[in-house]
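Data first, discussion second: the structure below is written as structure tokens.
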Amino acid sequence: MLLVVCALSVVVVAQETHCGGTPDRLCDVKPEAVYYKEPPITDSEVSYKQLKSMFPSSSIQLFDVRNPDEFEAGHIPGSTNVPLGELQEALRLSSDQFKQRFGVRAPHKEDSSIVVYCQRGRRSATALDIMWALGFSRARHYAGGYSDWVQHEEQGGV
């Protein structure tokens with residue numbers, strides 16, 4: 001006898017948001033919104049070591065979903081700032097509009113080189129849910145975030 005089980009993940013974003021319980025004015029993730037996401041094709045998290053190994057490839061698409069002031073204060077080299085509150089809208093732009101607004105090529109739903117990050121991983125996890133809901137099922141996030149990146153870089157990249 002063969003039993004096949006399929007599951008669809010459901011994420012409910014409650015009143016407490018990625019901002020430690022205080023709503024972020026730049027975040028358009030609506031309280032009580034339900035986002036359906038397909039299970040990722042690949043592992044959803046990227047480690048520091050994995051992220052570092054991606055850099056020789058020019059195909060990596062690294063998006064920092066923190067606020068612009070956080071990005072300006074420091075970011076992972078080669079990343080593009082697409083604040084979490086603008087992510088849904090940004091991913092719905094045409095390729096030309098995305099390139100004009102953010103200065104890089106627009107990600108495509110089938111791309112496997114998309115990585116999002118924030119400061120410590122909470123906002124990037126929310127960003128990942130949004131991306132999956134929009135069909136970017138191969139996108140991943142750097143769960144350690146910029147804080148983890150800085151720590152590793154200060155230790156000589158180990």
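Just so we're on the same page: first chain in the structure tokens is A, next is B, and so on; residues restart at 1 for each chain, and ligands are numbered from 1 in the order they show up.
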### Message
Report as JSON, numbers by chain all protein, DNA and RNA residues lying within 8 Å of A:Cys118, evaluated on only C-alpha atoms, omitting residues in the same chain fewer than 5 positions from it.
### Response
{"A": [64, 65, 66, 123, 124, 142, 145, 146]}
Next, dump the selected residues to file, keeping only N, CA and C atoms, as a CSV table (one decimal), in the first residue's frame.
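Writing the result to again30.csv gives the following:
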chain,number,residue,atom,x,y,z
A,64,ASP,N,18.9,42.9,0.9
A,64,ASP,CA,18.8,43.4,2.3
A,64,ASP,C,17.5,44.0,2.5
A,65,VAL,N,16.7,43.4,3.4
A,65,VAL,CA,15.3,43.9,3.6
A,65,VAL,C,15.1,44.8,4.8
A,66,ARG,N,16.3,45.3,5.3
A,66,ARG,CA,16.2,46.2,6.4
A,66,ARG,C,15.8,47.6,5.9
A,123,ARG,N,13.1,39.5,10.1
A,123,ARG,CA,12.4,40.2,8.9
A,123,ARG,C,12.7,39.4,7.6
A,124,SER,N,13.9,38.8,7.5
A,124,SER,CA,14.2,38.0,6.3
A,124,SER,C,13.3,36.8,6.3
A,142,TYR,N,19.4,34.3,4.7
A,142,TYR,CA,20.5,34.2,5.6
A,142,TYR,C,20.0,34.5,7.0
A,145,GLY,N,21.7,36.8,9.5
A,145,GLY,CA,21.6,38.2,9.2
A,145,GLY,C,22.9,39.0,9.2
A,146,TYR,N,22.8,40.3,9.1
A,146,TYR,CA,24.0,41.2,9.1
A,146,TYR,C,24.8,41.0,10.3
### Query
Which of stretch 107-138 of chain A counts as strand (DSSP E or B) under DSSP, as JSON, numbers by chain please?
{"A": [114, 115, 116, 117]}
### Query
Distance atom CA of A:Thr80-atom CA of A:Leu134, one decimal place?
19.3 Å
### Task
Using atom CA of A:Gln151 and atom CA of A:Tyr117 as the two end points, give the distance in Å to one decimal.
14.9 Å
### Task
Work out how far apart atom CA of A:Gln50 and atom CA of A:Gly157 are and give it in Å to one decimal.
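Taking atom CA of A:Gln50 as the start and atom CA of A:Gly157 as the end point, the length is 11.8 Å.
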### Best match for closeness to A:Leu91 among A:Gly121, A:Gly144, A:Gly103, A:Gly135, counting only C-alpha atoms
A:Gly135
